[in-house]
file protein.txt (compact mmCIF, C-alpha atoms)
# COMPACT_ATOMS: atom_id res chain seq x y z
CA MET A 1 73.44 52.97 48.55
CA ARG A 2 76.09 55.41 47.19
CA TYR A 3 76.89 52.89 44.51
CA THR A 4 73.23 52.83 43.47
CA ILE A 5 73.04 56.61 43.31
CA ALA A 6 76.27 56.79 41.27
CA LEU A 7 74.98 54.11 38.92
CA THR A 8 71.72 55.98 38.48
CA ALA A 9 73.53 59.23 37.77
CA GLY A 10 75.84 57.55 35.27
CA LEU A 11 72.96 55.91 33.44
CA ALA A 12 71.04 59.17 33.40
CA LEU A 13 74.03 61.03 31.90
CA ALA A 14 74.58 58.34 29.30
CA ALA A 15 70.92 58.48 28.34
CA CYS A 16 70.95 62.26 28.05
CA SER A 17 73.94 62.34 25.69
CA GLY A 18 72.01 60.66 22.87
CA GLY A 19 69.19 63.17 22.91
CA ASP A 20 66.36 60.93 21.72
CA SER A 21 63.27 59.66 23.53
CA THR A 22 64.58 56.09 23.78
CA ASN A 23 67.51 57.31 25.85
CA THR A 24 65.19 59.38 28.04
CA GLN A 25 63.00 56.33 28.68
CA SER A 26 66.09 54.24 29.47
CA ALA A 27 67.25 56.84 31.96
CA GLU A 28 63.83 56.86 33.60
CA GLN A 29 63.81 53.06 33.75
CA ALA A 30 67.32 53.09 35.24
CA THR A 31 66.19 55.60 37.86
CA GLU A 32 63.17 53.44 38.73
CA THR A 33 65.36 50.34 38.94
CA ALA A 34 67.82 52.14 41.20
CA GLN A 35 64.99 53.34 43.45
CA GLU A 36 63.60 49.80 43.66
CA GLN A 37 67.05 48.47 44.56
CA THR A 38 67.44 51.14 47.21
CA SER A 39 64.06 50.17 48.64
CA THR A 40 65.06 46.49 48.62
CA VAL A 41 68.32 47.27 50.43
CA GLU A 42 66.44 49.29 53.05
CA GLN A 43 63.97 46.42 53.53
CA ALA A 44 66.86 43.96 53.92
CA GLN A 45 68.47 46.22 56.53
CA GLU A 46 65.18 46.41 58.45
CA ILE A 47 64.82 42.62 58.37
CA ALA A 48 68.42 42.21 59.56
CA ASN A 49 67.70 44.58 62.46
CA GLN A 50 64.59 42.61 63.41
CA VAL A 51 66.52 39.32 63.32
CA ALA A 52 69.25 40.81 65.52
CA GLU A 53 66.64 42.02 68.03
CA LYS A 54 65.02 38.58 68.14
CA ALA A 55 68.41 36.89 68.58
CA ALA A 56 69.16 39.21 71.50
CA ALA A 57 65.78 38.39 73.05
CA VAL A 58 66.44 34.65 72.67
CA ALA A 59 69.88 35.03 74.23
CA GLU A 60 68.37 36.92 77.15
CA ALA A 61 65.71 34.23 77.55
CA LEU A 62 68.44 31.60 77.90
CA LYS A 63 69.75 33.09 81.11
CA LEU A 64 68.67 31.97 84.55
CA ASP A 65 66.14 34.19 86.27
CA THR A 66 66.23 33.75 90.05
CA SER A 67 63.75 36.50 90.91
CA SER A 68 61.47 33.75 92.27
CA LEU A 69 61.57 29.97 92.59
CA ASP A 70 59.00 29.61 89.78
CA SER A 71 61.00 31.94 87.52
CA PHE A 72 64.14 29.97 88.29
CA LYS A 73 62.52 26.64 87.44
CA SER A 74 60.94 28.05 84.28
CA SER A 75 64.15 29.65 83.01
CA LEU A 76 66.09 26.48 83.82
CA SER A 77 63.56 24.42 81.89
CA ASP A 78 63.79 26.79 78.90
CA MET A 79 67.56 26.57 79.00
CA GLN A 80 67.54 22.78 79.11
CA ALA A 81 65.07 22.61 76.21
CA SER A 82 67.38 24.74 74.05
CA LEU A 83 70.42 22.50 74.56
CA SER A 84 71.60 19.35 72.82
CA THR A 85 71.38 16.09 74.75
CA ASP A 86 75.09 16.26 75.62
CA GLN A 87 74.85 19.88 76.76
CA ALA A 88 71.75 19.13 78.84
CA GLY A 89 73.75 16.38 80.55
CA GLN A 90 76.60 18.81 81.19
CA LEU A 91 74.14 21.29 82.67
CA THR A 92 72.60 18.65 84.94
CA ASP A 93 76.04 17.54 86.10
CA ALA A 94 77.14 21.14 86.73
CA LEU A 95 73.97 21.95 88.67
CA GLY A 96 74.33 18.75 90.71
CA TYR A 97 77.89 19.69 91.58
CA LEU A 98 76.84 23.23 92.51
CA ALA A 99 73.95 21.92 94.63
CA LYS A 100 76.28 19.56 96.47
CA SER A 101 78.91 22.28 96.96
CA SER A 102 76.35 24.80 98.15
CA ALA A 103 74.90 22.26 100.58
CA LYS A 104 78.35 21.69 102.10
CA GLU A 105 78.78 25.43 102.56
CA SER A 106 75.31 26.07 103.98
CA LYS A 107 74.57 26.27 107.72
CA GLY A 108 73.49 22.68 108.22
CA GLY A 109 75.92 21.14 105.75
CA LEU A 110 75.23 17.88 103.95
CA LEU A 111 73.07 16.52 106.78
CA SER A 112 70.70 19.45 106.41
CA ALA A 113 70.67 19.01 102.62
CA ALA A 114 69.89 15.30 103.02
CA LYS A 115 66.99 16.20 105.28
CA ASP A 116 65.78 18.68 102.66
CA VAL A 117 65.86 15.99 99.97
CA VAL A 118 64.03 13.51 102.21
CA GLY A 119 61.53 16.26 102.98
CA GLY A 120 60.77 16.62 99.27
CA LYS A 121 63.08 19.41 98.17
CA SER A 122 64.46 19.04 94.66
CA MET A 123 67.93 19.92 93.43
CA GLU A 124 66.43 23.11 91.97
CA ASP A 125 64.95 24.05 95.36
CA ILE A 126 68.28 23.52 97.12
CA LEU A 127 70.17 25.46 94.43
CA TYR A 128 67.66 28.28 94.60
CA ASP A 129 67.85 28.50 98.38
CA ASN A 130 71.65 28.44 98.51
CA MET A 131 72.82 30.05 95.27
CA LYS A 132 70.09 32.22 93.77
CA ASP A 133 72.27 35.33 93.87
CA LYS A 134 75.23 33.61 92.21
CA LEU A 135 73.12 31.95 89.50
CA ASP A 136 71.01 34.95 88.50
CA GLY A 137 71.57 35.92 84.87
CA LEU A 138 74.02 33.11 84.09
CA THR A 139 74.11 31.34 80.74
CA PHE A 140 74.76 27.64 80.13
CA GLU A 141 78.46 28.29 79.51
CA GLU A 142 78.77 30.37 82.68
CA ILE A 143 77.07 27.70 84.81
CA VAL A 144 79.35 24.96 83.48
CA GLY A 145 82.34 27.25 84.08
CA LEU A 146 81.21 28.01 87.62
CA ALA A 147 81.02 24.30 88.39
CA GLY A 148 84.56 23.91 87.04

call {"tool": "encode", "arguments": {"input": "protein.txt", "output": "structure tokens"}}
result
Amino acid sequence: MRYTIALTAGLALAACSGGDSTNTQSAEQATETAQEQTSTVEQAQEIANQVAEKAAAVAEALKLDTSSLDSFKSSLSDMQASLSTDQAGQLTDALGYLAKSSAKESKGGLLSAAKDVVGGKSMEDILYDNMKDKLDGLTFEEIVGLAG
């Protein structure tokens, strides 16, 4: 913006040195052009800010939300939909490993987890029951890292 103001001032001074009406019109046109450029730069900055805000919102949406089982399943589904096929496979593998590990560490162990599965509980249900606090707010990369 300083460059634009300096350019405008320079053009205005150059136009004034000639002393005729053509130079005055050129200075006025230069001022208008500089003002339009300044407006364009300000609009571009506003658009860049909006894009950054949307990117931050998207990044936040791609974190697991374990505030409820439905929120967990929804955020997990959103995360999976945003990933490539290979990444989705990595996520499924990592979650399977975490579900198995959490089942081993839970009160009833693997036998209890097997009963849960036979009773209709999904991997997501088991993960939610055993690891909701650890998984809350994690991104894809963090989940894969947690699974090791």

call {"tool": "atom_distance", "arguments": {"input": "protein.txt", "atom1": "atom CA of A:Asp78", "atom2": "atom CA of A:Ile47"}}
result
25.9 Å

call {"tool": "closest_residue", "arguments": {"input": "protein.txt", "among": "A:Ser84, A:Thr38, A:Thr139, A:Ser102", "to": "A:Ile126", "atoms": "all atoms listed in the file"}}
result
A:Ser102

call {"tool": "atom_distance", "arguments": {"input": "protein.txt", "atom1": "atom CA of A:Ser74", "atom2": "atom CA of A:Leu62"}}
result
10.5 Å

call {"tool": "closest_residue", "arguments": {"input": "protein.txt", "among": "A:Gln29, A:Ala147, A:Glu46, A:Ser77", "to": "A:Gly96", "atoms": "all atoms listed in the file"}}
result
A:Ala147

call {"tool": "residues_around", "arguments": {"input": "protein.txt", "residues": "A:Phe72", "least_positions_apart": "4", "cutoff": "12 Å", "atoms": "all atoms listed in the file", "output": "PyMOL selection string"}}
result
chain A and resi 61-68+76-79+123-129+131-133+135-138

call {"tool": "build_atoms", "arguments": {"input": "protein.txt", "residues": "stretch 59-79 of chain A", "atoms": "N, CA and C atoms", "output": "PDB file, in the coordinates of the input"}}
result
ATOM      1  N   ALA A  59      68.705  35.154  73.359  1.00  0.00           N
ATOM      2  CA  ALA A  59      69.880  35.030  74.230  1.00  0.00           C
ATOM      3  C   ALA A  59      69.550  35.428  75.654  1.00  0.00           C
ATOM      4  N   GLU A  60      68.765  36.469  75.810  1.00  0.00           N
ATOM      5  CA  GLU A  60      68.370  36.920  77.150  1.00  0.00           C
ATOM      6  C   GLU A  60      67.468  35.884  77.817  1.00  0.00           C
ATOM      7  N   ALA A  61      66.618  35.238  77.010  1.00  0.00           N
ATOM      8  CA  ALA A  61      65.710  34.230  77.550  1.00  0.00           C
ATOM      9  C   ALA A  61      66.464  32.988  78.022  1.00  0.00           C
ATOM     10  N   LEU A  62      67.676  32.779  77.525  1.00  0.00           N
ATOM     11  CA  LEU A  62      68.440  31.600  77.900  1.00  0.00           C
ATOM     12  C   LEU A  62      69.382  31.866  79.056  1.00  0.00           C
ATOM     13  N   LYS A  63      69.029  32.815  79.884  1.00  0.00           N
ATOM     14  CA  LYS A  63      69.750  33.090  81.110  1.00  0.00           C
ATOM     15  C   LYS A  63      68.848  32.729  82.280  1.00  0.00           C
ATOM     16  N   LEU A  64      69.463  32.318  83.372  1.00  0.00           N
ATOM     17  CA  LEU A  64      68.670  31.970  84.550  1.00  0.00           C
ATOM     18  C   LEU A  64      68.090  33.222  85.194  1.00  0.00           C
ATOM     19  N   ASP A  65      66.843  33.117  85.575  1.00  0.00           N
ATOM     20  CA  ASP A  65      66.140  34.190  86.270  1.00  0.00           C
ATOM     21  C   ASP A  65      65.812  33.673  87.667  1.00  0.00           C
ATOM     22  N   THR A  66      66.462  34.231  88.683  1.00  0.00           N
ATOM     23  CA  THR A  66      66.230  33.750  90.050  1.00  0.00           C
ATOM     24  C   THR A  66      65.406  34.733  90.866  1.00  0.00           C
ATOM     25  N   SER A  67      64.580  35.531  90.187  1.00  0.00           N
ATOM     26  CA  SER A  67      63.750  36.500  90.910  1.00  0.00           C
ATOM     27  C   SER A  67      62.711  35.805  91.791  1.00  0.00           C
ATOM     28  N   SER A  68      62.363  34.575  91.445  1.00  0.00           N
ATOM     29  CA  SER A  68      61.470  33.750  92.270  1.00  0.00           C
ATOM     30  C   SER A  68      61.774  32.288  91.964  1.00  0.00           C
ATOM     31  N   LEU A  69      61.325  31.398  92.813  1.00  0.00           N
ATOM     32  CA  LEU A  69      61.570  29.970  92.590  1.00  0.00           C
ATOM     33  C   LEU A  69      60.909  29.525  91.282  1.00  0.00           C
ATOM     34  N   ASP A  70      59.690  29.982  91.019  1.00  0.00           N
ATOM     35  CA  ASP A  70      59.000  29.610  89.780  1.00  0.00           C
ATOM     36  C   ASP A  70      59.748  30.137  88.554  1.00  0.00           C
ATOM     37  N   SER A  71      60.232  31.376  88.633  1.00  0.00           N
ATOM     38  CA  SER A  71      61.000  31.940  87.520  1.00  0.00           C
ATOM     39  C   SER A  71      62.279  31.150  87.297  1.00  0.00           C
ATOM     40  N   PHE A  72      62.916  30.767  88.370  1.00  0.00           N
ATOM     41  CA  PHE A  72      64.140  29.970  88.290  1.00  0.00           C
ATOM     42  C   PHE A  72      63.866  28.654  87.586  1.00  0.00           C
ATOM     43  N   LYS A  73      62.840  27.943  88.037  1.00  0.00           N
ATOM     44  CA  LYS A  73      62.520  26.640  87.440  1.00  0.00           C
ATOM     45  C   LYS A  73      62.121  26.783  85.965  1.00  0.00           C
ATOM     46  N   SER A  74      61.363  27.818  85.658  1.00  0.00           N
ATOM     47  CA  SER A  74      60.940  28.050  84.280  1.00  0.00           C
ATOM     48  C   SER A  74      62.120  28.377  83.378  1.00  0.00           C
ATOM     49  N   SER A  75      63.003  29.281  83.833  1.00  0.00           N
ATOM     50  CA  SER A  75      64.150  29.650  83.010  1.00  0.00           C
ATOM     51  C   SER A  75      65.122  28.482  82.865  1.00  0.00           C
ATOM     52  N   LEU A  76      65.249  27.672  83.888  1.00  0.00           N
ATOM     53  CA  LEU A  76      66.090  26.480  83.820  1.00  0.00           C
ATOM     54  C   LEU A  76      65.518  25.483  82.817  1.00  0.00           C
ATOM     55  N   SER A  77      64.218  25.314  82.836  1.00  0.00           N
ATOM     56  CA  SER A  77      63.560  24.420  81.890  1.00  0.00           C
ATOM     57  C   SER A  77      63.739  24.910  80.448  1.00  0.00           C
ATOM     58  N   ASP A  78      63.596  26.205  80.237  1.00  0.00           N
ATOM     59  CA  ASP A  78      63.790  26.790  78.900  1.00  0.00           C
ATOM     60  C   ASP A  78      65.218  26.580  78.430  1.00  0.00           C
ATOM     61  N   MET A  79      66.159  26.754  79.345  1.00  0.00           N
ATOM     62  CA  MET A  79      67.560  26.570  79.000  1.00  0.00           C
ATOM     63  C   MET A  79      67.821  25.122  78.600  1.00  0.00           C
TER      64      MET A  79
END
